[in-house]
>>> print(open('work04.csv').read())   # CSV, C-alpha atoms and all ligand atoms
chain,number,residue,atom,x,y,z
A,1,MET,CA,38.0,-9.3,-78.3
A,2,LYS,CA,37.7,-12.0,-75.8
A,3,ASN,CA,41.0,-13.9,-75.7
A,4,ILE,CA,44.6,-13.0,-75.6
A,5,LEU,CA,47.4,-15.4,-75.6
A,6,PHE,CA,50.9,-14.8,-74.4
A,7,LEU,CA,53.7,-17.0,-75.5
A,8,THR,CA,56.4,-16.2,-73.1
A,9,GLY,CA,59.9,-17.5,-72.4
A,10,PRO,CA,62.7,-15.9,-74.2
A,11,HIS,CA,64.0,-19.1,-75.7
A,12,ALA,CA,60.9,-20.8,-77.0
A,13,VAL,CA,62.4,-20.9,-80.5
A,14,GLY,CA,59.4,-22.4,-82.1
A,15,LYS,CA,56.9,-19.8,-81.0
A,16,THR,CA,57.0,-17.5,-84.0
A,17,TYR,CA,56.5,-20.3,-86.6
A,18,ALA,CA,53.9,-22.1,-84.6
A,19,SER,CA,51.9,-18.9,-84.1
A,20,LYS,CA,52.1,-17.9,-87.7
A,21,GLU,CA,50.8,-21.3,-88.7
A,22,ILE,CA,47.9,-20.9,-86.4
A,23,CYS,CA,47.2,-17.4,-87.8
A,24,ASN,CA,47.3,-18.8,-91.3
A,25,SER,CA,45.0,-21.7,-90.6
A,26,TYR,CA,42.2,-20.0,-88.7
A,27,GLU,CA,39.9,-17.1,-89.0
A,28,ASN,CA,39.8,-14.4,-86.4
A,29,ILE,CA,43.3,-14.7,-85.1
A,30,ASP,CA,45.8,-11.9,-85.3
A,31,MET,CA,49.4,-12.0,-84.0
A,32,ILE,CA,51.4,-9.3,-82.3
A,33,ASP,CA,55.1,-9.8,-82.2
A,34,THR,CA,56.8,-7.7,-79.4
A,35,GLY,CA,60.2,-8.2,-80.9
A,36,PRO,CA,59.9,-5.4,-83.5
A,37,ILE,CA,58.1,-3.2,-81.0
A,38,MET,CA,61.1,-3.4,-78.7
A,39,ARG,CA,63.6,-2.9,-81.5
A,40,GLN,CA,61.8,0.2,-82.6
A,41,LEU,CA,61.7,1.6,-79.0
A,42,TYR,CA,65.4,0.9,-78.8
A,43,LYS,CA,66.0,2.8,-82.0
A,44,GLU,CA,64.0,5.8,-81.0
A,45,SER,CA,65.7,6.0,-77.6
A,46,GLY,CA,69.0,6.6,-79.3
A,47,PHE,CA,71.2,4.1,-77.4
A,48,GLY,CA,73.4,3.6,-80.4
A,49,SER,CA,74.1,0.4,-82.2
A,50,SER,CA,73.7,-2.9,-80.3
A,51,ILE,CA,73.7,-6.5,-81.5
A,52,GLY,CA,70.9,-8.4,-79.9
A,53,GLU,CA,71.2,-6.6,-76.5
A,54,TRP,CA,68.5,-4.0,-77.1
A,55,VAL,CA,66.0,-5.5,-74.7
A,56,ALA,CA,68.6,-5.6,-71.9
A,57,THR,CA,69.7,-2.0,-72.8
A,58,LEU,CA,66.1,-0.8,-72.6
A,59,GLU,CA,65.5,-2.4,-69.2
A,60,ASN,CA,68.8,-1.3,-67.8
A,61,ASN,CA,68.1,2.3,-68.7
A,62,PHE,CA,64.4,2.6,-68.1
A,63,GLY,CA,63.9,-0.2,-65.7
A,64,GLU,CA,61.7,-3.2,-66.3
A,65,ASP,CA,58.6,-1.3,-65.2
A,66,ILE,CA,58.9,1.6,-67.6
A,67,THR,CA,60.0,-0.6,-70.5
A,68,SER,CA,56.9,-2.7,-69.9
A,69,LEU,CA,54.7,0.4,-69.9
A,70,LEU,CA,56.1,1.5,-73.2
A,71,ILE,CA,55.7,-1.9,-74.8
A,72,ALA,CA,52.1,-2.2,-73.4
A,73,THR,CA,51.2,1.2,-74.9
A,74,GLU,CA,52.4,0.0,-78.3
A,75,ILE,CA,50.5,-3.3,-78.0
A,76,LYS,CA,47.3,-1.5,-77.0
A,77,LYS,CA,47.5,0.6,-80.1
A,78,ILE,CA,47.8,-2.5,-82.3
A,79,LEU,CA,45.0,-4.3,-80.3
A,80,SER,CA,42.6,-1.3,-81.0
A,81,GLU,CA,43.3,-1.6,-84.7
A,82,SER,CA,42.7,-5.4,-84.9
A,83,TYR,CA,39.4,-6.8,-86.1
A,84,CYS,CA,40.1,-10.2,-84.8
A,85,ASP,CA,38.5,-12.0,-81.8
A,86,ASN,CA,41.6,-13.8,-80.8
A,87,ILE,CA,45.0,-12.2,-80.4
A,88,ILE,CA,48.3,-14.0,-80.0
A,89,VAL,CA,51.0,-11.9,-78.5
A,90,ILE,CA,54.4,-13.4,-78.7
A,91,GLY,CA,57.0,-12.0,-76.4
A,92,PHE,CA,60.7,-12.1,-76.5
A,93,ARG,CA,61.4,-11.0,-73.0
A,94,SER,CA,61.9,-12.7,-69.7
A,95,LEU,CA,58.9,-14.2,-68.0
A,96,ARG,CA,59.0,-11.3,-65.5
A,97,GLY,CA,59.2,-8.7,-68.3
A,98,ILE,CA,56.1,-10.2,-70.0
A,99,LEU,CA,54.2,-10.3,-66.7
A,100,TYR,CA,55.0,-6.6,-66.1
A,101,THR,CA,53.7,-5.8,-69.6
A,102,ALA,CA,50.5,-7.7,-68.9
A,103,LYS,CA,50.0,-5.6,-65.9
A,104,TYR,CA,50.0,-2.4,-67.9
A,105,LEU,CA,47.8,-3.7,-70.6
A,106,ASN,CA,45.0,-3.3,-68.2
A,107,LEU,CA,43.1,-6.0,-69.8
A,108,ASP,CA,39.4,-6.4,-69.4
A,109,ASN,CA,37.5,-9.6,-70.1
A,110,TYR,CA,40.4,-11.5,-71.5
A,111,HIS,CA,41.6,-15.1,-71.1
A,112,VAL,CA,45.3,-15.2,-70.6
A,113,LEU,CA,47.5,-18.1,-71.4
A,114,PHE,CA,51.2,-18.2,-70.6
A,115,VAL,CA,53.4,-20.6,-72.5
A,116,ASP,CA,56.9,-20.8,-71.3
A,117,ALA,CA,60.0,-22.4,-72.8
A,118,ASN,CA,61.7,-25.6,-71.8
A,119,ARG,CA,63.2,-25.0,-68.4
A,120,GLU,CA,66.3,-27.0,-69.1
A,121,LEU,CA,67.0,-24.7,-72.0
A,122,LEU,CA,66.3,-21.6,-69.8
A,123,TYR,CA,68.7,-23.0,-67.2
A,124,GLU,CA,71.5,-23.5,-69.8
A,125,ASN,CA,71.1,-19.9,-71.0
A,126,PHE,CA,70.9,-18.5,-67.5
A,127,LEU,CA,74.2,-20.2,-66.6
A,128,LYS,CA,75.9,-18.7,-69.7
A,129,ARG,CA,74.5,-15.3,-69.2
A,130,GLU,CA,74.9,-14.9,-65.4
A,131,LYS,CA,78.0,-17.0,-65.0
A,132,ASN,CA,76.5,-18.2,-61.8
A,133,ASN,CA,76.7,-21.8,-60.5
A,134,ILE,CA,73.2,-22.0,-59.3
A,135,SER,CA,71.9,-25.7,-59.1
A,136,TYR,CA,69.0,-26.7,-61.3
A,137,GLN,CA,66.8,-27.2,-58.3
A,138,ASP,CA,67.5,-23.7,-57.0
A,139,PHE,CA,66.9,-22.4,-60.5
A,140,GLU,CA,63.5,-24.1,-60.7
A,141,ASN,CA,62.6,-22.6,-57.3
A,142,TYR,CA,63.6,-19.2,-58.6
A,143,LEU,CA,61.4,-19.5,-61.6
A,144,ASP,CA,58.5,-20.7,-59.5
A,145,GLU,CA,58.9,-17.8,-57.2
A,146,GLU,CA,59.2,-15.4,-60.2
A,147,LEU,CA,56.0,-16.8,-61.6
A,148,LYS,CA,54.1,-16.7,-58.4
A,149,SER,CA,55.0,-13.1,-57.6
A,150,GLY,CA,54.5,-12.1,-61.2
A,151,LEU,CA,51.0,-13.6,-61.5
A,152,GLY,CA,50.1,-12.4,-58.0
A,153,GLU,CA,51.1,-8.9,-58.8
A,154,ILE,CA,49.0,-8.9,-62.0
A,155,ARG,CA,46.0,-10.3,-60.2
A,156,ASN,CA,46.3,-7.7,-57.5
A,157,CYS,CA,47.0,-4.7,-59.7
A,158,ALA,CA,45.3,-5.0,-63.0
A,159,MET,CA,43.6,-8.2,-63.8
A,160,LYS,CA,40.5,-8.3,-61.7
A,161,ASN,CA,38.4,-8.6,-64.7
A,162,ILE,CA,40.3,-11.3,-66.4
A,163,ASN,CA,38.4,-14.6,-66.8
A,164,SER,CA,41.2,-17.0,-66.4
A,165,ILE,CA,44.9,-17.3,-66.3
A,166,LYS,CA,46.6,-20.5,-67.4
A,167,TYR,CA,50.2,-21.3,-67.3
A,168,TYR,CA,51.9,-23.9,-69.5
A,169,ASN,CA,55.5,-24.9,-69.1
A,170,ILE,CA,56.2,-26.7,-72.3
A,171,CYS,CA,59.2,-27.0,-74.5
A,172,SER,CA,60.1,-25.2,-77.6
A,173,ASP,CA,58.9,-28.1,-79.8
A,174,GLN,CA,56.8,-26.7,-82.6
A,175,ASP,CA,54.1,-29.3,-82.6
A,176,LEU,CA,53.6,-29.3,-78.9
A,177,LEU,CA,53.3,-25.6,-78.9
A,178,LYS,CA,50.8,-25.6,-81.8
A,179,LYS,CA,48.7,-28.3,-80.0
A,180,ALA,CA,48.7,-26.2,-76.8
A,181,ILE,CA,47.5,-23.1,-78.7
A,182,GLU,CA,44.9,-24.9,-80.7
A,183,SER,CA,43.4,-26.8,-77.8
A,184,TYR,CA,43.2,-23.6,-75.8
A,185,PHE,CA,41.3,-21.8,-78.5
A,186,MET,CA,39.2,-24.9,-79.2
A,187,GLN,CA,38.1,-25.0,-75.6
A,188,GLU,CA,37.1,-21.4,-75.8
A,189,ARG,CA,35.1,-22.2,-79.0
A,190,LYS,CA,36.5,-19.2,-80.8
A,191,LEU,CA,38.3,-21.0,-83.6
A,192,GLU,CA,37.0,-21.4,-87.1
A,193,ARG,CA,39.2,-23.2,-89.6
A,194,LYS,CA,39.7,-21.4,-92.9
A,195,ASN,CA,38.6,-23.2,-96.0
A,196,GLU,CA,41.5,-25.3,-96.7
A,197,GLU,CA,43.2,-25.5,-100.0
A,198,SER,CA,44.7,-29.0,-100.3
A,199,TYR,CA,48.1,-29.8,-101.7
A,200,ILE,CA,48.4,-31.3,-105.2
A,201,TRP,CA,51.1,-33.5,-106.6
A,202,PRO,CA,53.8,-31.2,-108.1
A,203,VAL,CA,54.2,-33.7,-110.9
A,204,GLU,CA,52.1,-36.8,-111.6
A,205,PRO,CA,54.1,-39.9,-110.5
A,206,LYS,CA,54.5,-42.2,-113.6
A,207,TYR,CA,57.3,-44.6,-112.8
A,208,MET,CA,57.8,-47.4,-110.3
A,209,VAL,CA,58.8,-46.0,-106.9
A,210,LEU,CA,62.2,-47.3,-105.7
A,211,ASP,CA,63.2,-47.7,-102.0
A,212,HIS,CA,65.7,-45.0,-102.7
A,213,ASP,CA,62.9,-42.5,-103.5
A,214,LYS,CA,61.1,-42.7,-100.2
A,215,TYR,CA,61.2,-40.3,-97.2
A,216,GLY,CA,63.2,-41.7,-94.3
A,217,LEU,CA,66.6,-43.1,-93.4
A,218,ARG,CA,68.7,-44.4,-96.3
A,219,PRO,CA,71.1,-47.2,-95.1
A,220,ILE,CA,73.8,-46.1,-97.5
A,221,HIS,CA,73.8,-42.8,-99.3
A,222,MET,CA,74.9,-43.1,-103.0
A,223,ILE,CA,77.4,-40.3,-102.9
A,224,LEU,CA,78.3,-40.0,-99.2
A,225,GLY,CA,78.6,-43.8,-98.7
A,226,LYS,CA,77.1,-43.7,-95.2
A,227,PRO,CA,73.6,-43.7,-93.6
A,228,ARG,CA,71.7,-40.5,-94.3
A,229,PHE,CA,68.2,-39.3,-93.7
A,230,HIS,CA,66.3,-38.5,-96.9
A,231,SER,CA,64.2,-35.5,-96.1
A,232,GLY,CA,62.0,-35.5,-99.2
A,233,PHE,CA,60.2,-37.8,-101.6
A,234,ASP,CA,61.7,-38.3,-105.0
A,235,ILE,CA,59.4,-38.4,-108.1
A,236,THR,CA,61.2,-39.8,-111.1
A,237,SER,CA,60.4,-37.7,-114.1
A,238,ARG,CA,61.8,-37.3,-117.6
A,239,THR,CA,64.1,-34.3,-118.1
A,240,LEU,CA,62.2,-31.0,-118.7
A,241,THR,CA,58.9,-32.2,-117.2
A,242,PRO,CA,56.9,-29.2,-115.9
A,243,ILE,CA,56.9,-29.0,-112.1
A,244,LYS,CA,53.8,-27.4,-110.5
A,245,ALA,CA,53.4,-25.5,-107.2
A,246,SER,CA,51.8,-28.0,-104.9
A,247,ILE,CA,50.0,-25.1,-103.2
A,248,GLY,CA,50.2,-21.3,-103.2
A,249,GLY,CA,52.8,-19.2,-101.5
A,250,ILE,CA,55.7,-16.9,-101.9
A,251,VAL,CA,59.1,-17.7,-103.5
A,252,LEU,CA,61.9,-17.6,-101.0
A,253,THR,CA,64.8,-18.7,-103.2
A,254,ALA,CA,65.0,-19.6,-106.8
A,255,GLY,CA,68.2,-20.7,-108.6
A,256,LEU,CA,71.4,-22.5,-108.1
A,257,ASP,CA,72.3,-23.9,-104.7
A,258,GLU,CA,74.3,-21.2,-103.1
A,259,LYS,CA,77.1,-23.6,-102.1
A,260,ILE,CA,77.5,-24.7,-105.6
A,261,VAL,CA,77.6,-21.2,-106.9
A,262,SER,CA,80.2,-20.2,-104.3
A,263,GLY,CA,82.3,-23.2,-105.1
A,264,SER,CA,82.2,-24.6,-101.6
A,265,ALA,CA,80.4,-27.7,-102.7
A,266,ASN,CA,81.0,-30.0,-105.6
A,267,TRP,CA,78.8,-29.7,-108.6
A,268,ASN,CA,77.4,-33.2,-108.1
A,269,GLU,CA,76.1,-32.7,-104.5
A,270,ARG,CA,73.2,-31.2,-102.7
A,271,TYR,CA,69.9,-29.8,-104.1
A,272,GLY,CA,71.2,-28.4,-107.4
A,273,ASN,CA,68.8,-25.9,-109.0
A,274,LYS,CA,66.0,-25.4,-106.6
A,275,VAL,CA,62.9,-23.4,-105.8
A,276,GLU,CA,61.9,-22.8,-102.2
A,277,ILE,CA,58.4,-21.6,-101.4
A,278,LEU,CA,56.9,-20.5,-98.1
A,279,ASP,CA,53.4,-21.9,-98.6
A,280,ASN,CA,50.1,-20.6,-97.3
A,281,TYR,CA,50.3,-22.8,-94.3
A,282,GLY,CA,53.6,-21.5,-93.2
A,283,ARG,CA,55.5,-24.6,-94.4
A,284,ARG,CA,58.6,-24.3,-96.6
A,285,LEU,CA,58.4,-26.5,-99.7
A,286,VAL,CA,61.6,-27.4,-101.6
A,287,TYR,CA,61.5,-28.4,-105.3
A,288,ALA,CA,65.0,-29.6,-106.1
A,289,HIS,CA,67.3,-31.0,-108.8
A,290,LEU,CA,65.6,-28.9,-111.5
A,291,ARG,CA,66.9,-28.3,-115.0
A,292,GLU,CA,65.2,-24.9,-115.3
A,293,VAL,CA,63.9,-22.5,-112.7
A,294,LEU,CA,61.0,-20.4,-114.0
A,295,VAL,CA,60.1,-18.2,-111.0
A,296,ARG,CA,62.0,-15.5,-109.1
A,297,GLU,CA,62.5,-14.6,-105.5
A,298,GLY,CA,59.6,-12.7,-103.9
A,299,GLN,CA,57.1,-13.8,-106.5
A,300,LEU,CA,53.6,-14.8,-105.3
A,301,ILE,CA,52.7,-18.2,-106.6
A,302,HIS,CA,49.3,-19.9,-107.0
A,303,GLN,CA,48.7,-23.6,-106.8
A,304,GLY,CA,49.4,-25.3,-110.1
A,305,GLU,CA,51.7,-22.6,-111.6
A,306,ILE,CA,54.9,-24.0,-113.2
A,307,VAL,CA,57.9,-23.3,-111.0
A,308,GLY,CA,60.5,-25.1,-113.1
A,309,LEU,CA,61.3,-28.0,-115.3
A,310,SER,CA,62.6,-31.3,-113.9
A,311,GLY,CA,66.3,-32.3,-114.3
A,312,CYS,CA,69.2,-34.0,-112.7
A,313,SER,CA,71.2,-31.2,-111.1
A,314,GLY,CA,73.0,-31.4,-107.8
A,315,GLY,CA,73.2,-34.7,-106.0
A,316,SER,CA,71.0,-36.5,-108.5
A,317,ARG,CA,71.9,-39.4,-110.8
A,318,ILE,CA,68.4,-40.1,-112.3
A,319,PRO,CA,66.2,-37.2,-113.4
A,320,HIS,CA,63.7,-36.6,-110.6
A,321,LEU,CA,62.0,-34.0,-108.5
A,322,HIS,CA,63.1,-34.0,-104.9
A,323,PHE,CA,60.0,-32.7,-103.1
A,324,GLU,CA,60.6,-31.7,-99.5
A,325,VAL,CA,58.2,-30.3,-96.9
A,326,ARG,CA,59.6,-28.4,-94.0
A,327,LYS,CA,57.3,-28.2,-91.0
A,328,PHE,CA,57.9,-24.4,-90.9
A,329,ASN,CA,60.0,-21.7,-92.5
A,330,THR,CA,63.5,-23.0,-91.9
A,331,SER,CA,66.6,-23.5,-94.0
A,332,HIS,CA,67.3,-26.7,-92.2
A,333,SER,CA,66.3,-30.2,-93.4
A,334,GLY,CA,66.5,-33.5,-91.6
A,335,GLU,CA,64.0,-35.6,-89.7
A,336,GLU,CA,63.3,-33.0,-87.0
A,337,ASN,CA,62.4,-30.2,-89.5
A,338,THR,CA,60.5,-32.1,-92.2
A,339,ILE,CA,57.5,-34.2,-92.7
A,340,ASN,CA,56.8,-37.0,-95.1
A,341,PRO,CA,55.4,-35.3,-98.2
A,342,LEU,CA,53.0,-38.3,-98.6
A,343,ASP,CA,51.3,-37.1,-95.4
A,344,ILE,CA,50.0,-34.0,-97.1
A,345,LEU,CA,49.7,-35.0,-100.8
A,346,PRO,CA,46.5,-36.6,-102.0
A,347,THR,CA,46.5,-40.3,-101.4
A,348,TYR,CA,47.9,-42.2,-104.4
A,349,ASP,CA,48.4,-46.0,-104.5
A,350,LEU,CA,52.1,-45.9,-105.6
A,351,SER,CA,52.2,-49.7,-105.6
A,352,LEU,CA,50.2,-49.6,-108.8
A,353,LEU,CA,53.0,-47.9,-110.7
A,354,THR,CA,55.0,-50.6,-112.5
A,355,GLU,CA,56.5,-48.7,-115.4
A,356,HIS,CA,60.3,-48.7,-115.6
A,357,PHE,CA,62.2,-45.4,-116.2
A,358,ASP,CA,63.0,-45.2,-119.9
A,359,GLU,CA,65.0,-42.1,-120.6
A,360,PRO,CA,68.5,-42.8,-122.0
A,361,PRO,CA,71.2,-42.9,-120.7
A,362,TYR,CA,69.6,-42.9,-117.2
A,363,ALA,CA,67.3,-45.9,-117.7
A,364,GLU,CA,70.2,-48.3,-117.4
A,365,VAL,CA,71.3,-46.9,-114.1
A,366,TRP,CA,67.7,-46.8,-112.9
A,367,GLU,CA,67.6,-50.6,-113.4
A,368,LYS,CA,70.7,-51.0,-111.3
A,369,PHE,CA,69.0,-49.1,-108.5
A,370,LEU,CA,66.0,-51.3,-108.8
A,371,ASP,CA,68.2,-54.5,-108.4
A,372,ASN,CA,70.5,-53.1,-105.8
A,373,PRO,CA,69.2,-49.9,-104.2
A,374,TRP,CA,72.0,-49.4,-101.7
A,375,GLY,CA,75.0,-50.8,-103.6
A,376,ILE,CA,75.3,-48.2,-106.4
A,377,THR,CA,78.0,-45.5,-106.2
A,378,ASP,CA,79.4,-43.1,-108.8
A,379,LYS,CA,81.8,-45.9,-109.9
A,380,ASN,CA,78.8,-47.8,-111.3
A,381,ILE,CA,77.4,-44.7,-113.1
A,382,PRO,CA,79.1,-44.0,-116.4
A,383,TYR,CA,77.9,-40.4,-116.6
A,384,ALA,CA,78.5,-39.4,-113.0
A,385,ARG,CA,81.1,-36.9,-113.9
A,386,SER,CA,79.4,-35.6,-117.0
A,387,ARG,CA,77.9,-32.1,-116.7
A,388,LYS,CA,75.9,-32.9,-119.8
A,389,PHE,CA,73.8,-35.5,-117.9
A,390,ILE,CA,74.1,-34.3,-114.3
A,391,ARG,CA,72.5,-31.0,-114.4
A,401,ZN,ZN,65.5,-36.7,-102.8
>>> encode(input="work04.csv", output="structure tokens")
Amino acid sequence: MKNILFLTGPHAVGKTYASKEICNSYENIDMIDTGPIMRQLYKESGFGSSIGEWVATLENNFGEDITSLLIATEIKKILSESYCDNIIVIGFRSLRGILYTAKYLNLDNYHVLFVDANRELLYENFLKREKNNISYQDFENYLDEELKSGLGEIRNCAMKNINSIKYYNICSDQDLLKKAIESYFMQERKLERKNEESYIWPVEPKYMVLDHDKYGLRPIHMILGKPRFHSGFDITSRTLTPIKASIGGIVLTAGLDEKIVSGSANWNERYGNKVEILDNYGRRLVYAHLREVLVREGQLIHQGEIVGLSGCSGGSRIPHLHFEVRKFNTSHSGEENTINPLDILPTYDLSLLTEHFDEPPYAEVWEKFLDNPWGITDKNIPYARSRKFIR
């Protein structure tokens, strides 16, 4: 082992996903998550039930120093079992806590990278937690001091053999974090990309693409009547067309939209019957508005396997597949959590598609969307309330 990477900062929300994605994309990288280690230590120490306060409880009872020693012992065990050259350790403690842990790891011949969370976010959380009216400038000084003394202490006590220590103060943005990790490993020339499996179209596009189908902001949403970001790409397909897995992964959810089942949403809204798959790159793919779902939760899926049959369920008025690509494993959609599916799918000159949709009774409404993409509402759609056609 030559490198070790610490992602510190208790509120860098993106770190787990970004790290997992790196692990999935490259050879020779292993990840150690200190969260479960601390949870286990807490459990074994018998402090009783606690919601989310287990780190603080451990530190209050044992002190930061002993807690760090315990965590470091567990990390070392995992390190000795790993065959990977590069290890990413993600920590859910304070900067100081992580620095203490590093001291006890007694690392030899490692590179160390600290990645910290967005300081504005840390400041907000500090104010909430400490109920202290410290100014932002004073808080910054406090963090700088903490960092200086922490790094100094490690250098003095334990890290004389460490090759380099780098500190990055970046925000919790997934992409920035991923870039920071990648460029770090690239510099060290320890990174080999895995043979990439490339995505395939879940269903062959056959009909002309309407403005309405594209990823991006819709000036007026058909059902909501106001501007709405469209988080996926719609592939118009006749009812019961087989839908293939664009890439391998594991099924996270398969079935009716939970809000529809629970009755908290109208039948004619949202994703309808859908399959969500966490793919081999750590992205969550959503296949929505299906008629039939043919996989079950927890099932491993290979590229090209049929996950369901297309339909018009949920907030759909023309049978189509809504294909959505979330940047990471999140249940949230929207611009900040998704990418344009066309960015990962094989290039396809969609302007060559000129065929009009021809399945009755939807074909007539499809023509209306072609003429007037943003002026159609349920009033113009004769079957908008019919469960026979909207499903
Ligand atoms: Zn859609």
>>> closest_atom_pairs(input="work04.csv", of="chain A", to="ligand ZN 401 (chain A)", cutoff="12 Å", atoms="all atoms listed in the file", output="Markdown table")
| residue | atom | partner | partner_atom | distance |
| --- | --- | --- | --- | --- |
| A:Leu210 | CA | A:ZN401 | ZN | 11.5 |
| A:Asp211 | CA | A:ZN401 | ZN | 11.3 |
| A:His212 | CA | A:ZN401 | ZN | 8.3 |
| A:Asp213 | CA | A:ZN401 | ZN | 6.4 |
| A:Lys214 | CA | A:ZN401 | ZN | 7.9 |
| A:Tyr215 | CA | A:ZN401 | ZN | 7.9 |
| A:Gly216 | CA | A:ZN401 | ZN | 10.1 |
| A:Leu217 | CA | A:ZN401 | ZN | 11.4 |
| A:Arg218 | CA | A:ZN401 | ZN | 10.6 |
| A:His221 | CA | A:ZN401 | ZN | 10.9 |
| A:Met222 | CA | A:ZN401 | ZN | 11.4 |
| A:Arg228 | CA | A:ZN401 | ZN | 11.2 |
| A:Phe229 | CA | A:ZN401 | ZN | 9.8 |
| A:His230 | CA | A:ZN401 | ZN | 6.2 |
| A:Ser231 | CA | A:ZN401 | ZN | 6.9 |
| A:Gly232 | CA | A:ZN401 | ZN | 5.2 |
| A:Phe233 | CA | A:ZN401 | ZN | 5.5 |
| A:Asp234 | CA | A:ZN401 | ZN | 4.7 |
| A:Ile235 | CA | A:ZN401 | ZN | 8.3 |
| A:Thr236 | CA | A:ZN401 | ZN | 9.8 |
| A:Glu269 | CA | A:ZN401 | ZN | 11.5 |
| A:Arg270 | CA | A:ZN401 | ZN | 9.5 |
| A:Tyr271 | CA | A:ZN401 | ZN | 8.3 |
| A:Gly272 | CA | A:ZN401 | ZN | 11.1 |
| A:Lys274 | CA | A:ZN401 | ZN | 11.9 |
| A:Val286 | CA | A:ZN401 | ZN | 10.2 |
| A:Tyr287 | CA | A:ZN401 | ZN | 9.5 |
| A:Ala288 | CA | A:ZN401 | ZN | 7.8 |
| A:His289 | CA | A:ZN401 | ZN | 8.5 |
| A:Leu290 | CA | A:ZN401 | ZN | 11.7 |
| A:Cys312 | CA | A:ZN401 | ZN | 10.9 |
| A:Ser313 | CA | A:ZN401 | ZN | 11.5 |
| A:Gly314 | CA | A:ZN401 | ZN | 10.5 |
| A:Gly315 | CA | A:ZN401 | ZN | 8.6 |
| A:Ser316 | CA | A:ZN401 | ZN | 7.9 |
| A:Arg317 | CA | A:ZN401 | ZN | 10.6 |
| A:Ile318 | CA | A:ZN401 | ZN | 10.5 |
| A:Pro319 | CA | A:ZN401 | ZN | 10.6 |
| A:His320 | CA | A:ZN401 | ZN | 8.0 |
| A:Leu321 | CA | A:ZN401 | ZN | 7.2 |
| A:His322 | CA | A:ZN401 | ZN | 4.2 |
| A:Phe323 | CA | A:ZN401 | ZN | 6.8 |
| A:Glu324 | CA | A:ZN401 | ZN | 7.7 |
| A:Val325 | CA | A:ZN401 | ZN | 11.4 |
| A:Ser333 | CA | A:ZN401 | ZN | 11.5 |
| A:Gly334 | CA | A:ZN401 | ZN | 11.7 |
| A:Asn340 | CA | A:ZN401 | ZN | 11.6 |
| A:Pro341 | CA | A:ZN401 | ZN | 11.2 |
>>> atom_distance(input="work04.csv", atom1="atom CA of A:Ile181", atom2="atom CA of A:Ile29")
11.4 Å
>>> closest_residue(input="work04.csv", among="A:Glu204, A:Trp374, A:Leu69, A:Gly35", to="A:Pro219", atoms="all atoms listed in the file")
A:Trp374
>>> atom_distance(input="work04.csv", atom1="atom CA of A:Lys206", atom2="atom CA of A:Pro242")
13.4 Å
>>> closest_residue(input="work04.csv", among="A:Leu285, A:Ile339, A:Leu105, A:Ala363", to="A:Tyr383", atoms="all atoms listed in the file")
A:Ala363
>>> atom_distance(input="work04.csv", atom1="atom CA of A:Leu345", atom2="atom CA of A:Ala18")
21.1 Å
>>> closest_residue(input="work04.csv", among="A:Lys388, A:Lys244, A:Lys77, A:His302", to="A:Val203", atoms="all atoms listed in the file")
A:Lys244
>>> residues_around(input="work04.csv", residues="A:Pro361", least_positions_apart="3", cutoff="9 Å", atoms="only C-alpha atoms", output="short mmCIF file (atom, residue, chain, number, x, y, z; two decimals) with C-alpha atoms, in the coordinates of the input")
data_model
loop_
_atom_site.label_atom_id
_atom_site.label_comp_id
_atom_site.auth_asym_id
_atom_site.auth_seq_id
_atom_site.Cartn_x
_atom_site.Cartn_y
_atom_site.Cartn_z
CA ASP A 358 63.00 -45.20 -119.90
CA GLU A 364 70.20 -48.30 -117.40
CA VAL A 365 71.30 -46.90 -114.10
CA TYR A 383 77.90 -40.40 -116.60
CA PHE A 389 73.80 -35.50 -117.90
#
>>> decode(input="work04.csv", residues="stretch 327-338 of chain A", atoms="C-alpha atoms", output="compact mmCIF listing (two decimals), in the first residue's frame")
# COMPACT_ATOMS: atom_id res chain seq x y z
CA LYS A 327 -25.57 11.13 -10.69
CA PHE A 328 -25.39 8.90 -7.63
CA ASN A 329 -27.64 6.75 -5.48
CA THR A 330 -30.28 9.24 -4.44
CA SER A 331 -34.07 9.21 -4.30
CA HIS A 332 -34.10 12.85 -5.39
CA SER A 333 -34.43 14.03 -8.98
CA GLY A 334 -34.07 17.56 -10.37
CA GLU A 335 -31.26 19.33 -12.15
CA GLU A 336 -28.73 19.04 -9.33
CA ASN A 337 -29.10 15.25 -8.98
CA THR A 338 -29.40 14.08 -12.57
